[in-house]
Amino acid sequence: TWPRHLVLALNFSFCYDQLLDDPVRACHLAKYAFDDAVEAMYALGLPQDVLATATPLLLQLKDNMTFWLERISG
């Protein structure tokens, strides 16, 4: 279920940006989900299949955060 949480965070943060035009909130949610997931990866020693599923989602969250930070900054 852990990757499902990442999918929800990814989709919800995208909605903040695209539907509500709030990149600050989108970035905040994505950062929280990303940081929490990375911490869990190290703390829990997750199985390889979970890591394989979660990694692309984490990369997408990070890419979105970069994009939103650029929008916010400039």
# chains A, B, ... in the order shown; residues from 1 in each chain; ligands from 1
>>> select_by_dssp(residues="segment 19-48 of chain A", states="alpha helix (DSSP H)", output="NGL selection string")
:A and (23-44 or 48)
>>> write_last_selection(atoms="N, CA and C atoms", output="CSV table (one decimal), in the first residue's frame")
chain,number,residue,atom,x,y,z
A,23,PRO,N,0.8,26.4,-7.0
A,23,PRO,CA,2.0,25.6,-7.0
A,23,PRO,C,2.7,25.5,-5.7
A,24,VAL,N,2.5,26.5,-4.8
A,24,VAL,CA,3.2,26.5,-3.5
A,24,VAL,C,2.7,25.3,-2.7
A,25,ARG,N,1.4,25.2,-2.6
A,25,ARG,CA,0.8,24.1,-1.9
A,25,ARG,C,1.1,22.7,-2.5
A,26,ALA,N,1.1,22.7,-3.9
A,26,ALA,CA,1.5,21.5,-4.6
A,26,ALA,C,2.9,21.1,-4.2
A,27,CYS,N,3.8,22.0,-4.2
A,27,CYS,CA,5.2,21.7,-3.9
A,27,CYS,C,5.4,21.3,-2.4
A,28,HIS,N,4.6,21.9,-1.5
A,28,HIS,CA,4.7,21.6,-0.1
A,28,HIS,C,4.3,20.1,0.1
A,29,LEU,N,3.1,19.7,-0.5
A,29,LEU,CA,2.6,18.4,-0.4
A,29,LEU,C,3.6,17.4,-1.0
A,30,ALA,N,4.1,17.7,-2.2
A,30,ALA,CA,5.1,16.8,-2.8
A,30,ALA,C,6.3,16.6,-2.0
A,31,LYS,N,6.8,17.7,-1.4
A,31,LYS,CA,8.0,17.6,-0.6
A,31,LYS,C,7.8,16.8,0.6
A,32,TYR,N,6.7,17.0,1.3
A,32,TYR,CA,6.3,16.2,2.5
A,32,TYR,C,6.3,14.7,2.1
A,33,ALA,N,5.6,14.4,1.0
A,33,ALA,CA,5.4,13.0,0.6
A,33,ALA,C,6.8,12.4,0.3
A,34,PHE,N,7.6,13.1,-0.5
A,34,PHE,CA,8.9,12.7,-0.9
A,34,PHE,C,9.8,12.4,0.3
A,35,ASP,N,9.9,13.4,1.2
A,35,ASP,CA,10.8,13.3,2.4
A,35,ASP,C,10.3,12.1,3.3
A,36,ASP,N,9.0,12.0,3.4
A,36,ASP,CA,8.5,10.9,4.3
A,36,ASP,C,8.8,9.5,3.6
A,37,ALA,N,8.7,9.4,2.3
A,37,ALA,CA,8.9,8.2,1.6
A,37,ALA,C,10.4,7.8,1.7
A,38,VAL,N,11.3,8.8,1.5
A,38,VAL,CA,12.7,8.5,1.6
A,38,VAL,C,13.1,8.0,3.0
A,39,GLU,N,12.6,8.7,4.0
A,39,GLU,CA,12.9,8.3,5.3
A,39,GLU,C,12.4,6.9,5.6
A,40,ALA,N,11.2,6.5,5.1
A,40,ALA,CA,10.7,5.2,5.3
A,40,ALA,C,11.5,4.1,4.6
A,41,MET,N,12.0,4.5,3.4
A,41,MET,CA,12.9,3.6,2.6
A,41,MET,C,14.1,3.1,3.5
A,42,TYR,N,14.7,4.1,4.1
A,42,TYR,CA,15.9,3.8,4.9
A,42,TYR,C,15.5,3.1,6.2
A,43,ALA,N,14.5,3.6,6.9
A,43,ALA,CA,14.1,3.1,8.2
A,43,ALA,C,13.5,1.7,8.2
A,44,LEU,N,12.7,1.4,7.2
A,44,LEU,CA,12.0,0.1,7.2
A,44,LEU,C,12.6,-1.0,6.4
A,48,GLN,N,12.3,-5.4,-2.2
A,48,GLN,CA,12.8,-4.9,-3.5
A,48,GLN,C,11.6,-4.5,-4.5
>>> atom_distance(atom1="atom CA of Lys62 of chain A", atom2="atom CA of Leu10 of chain A")
9.9 Å
>>> closest_residue(among="A:Leu46, A:His5, A:Leu59, A:Met65", to="Asp17 of chain A", atoms="only C-alpha atoms")
A:Met65
>>> atom_distance(atom1="atom CA of Leu51 of chain A", atom2="atom CA of Asn11 of chain A")
19.2 Å
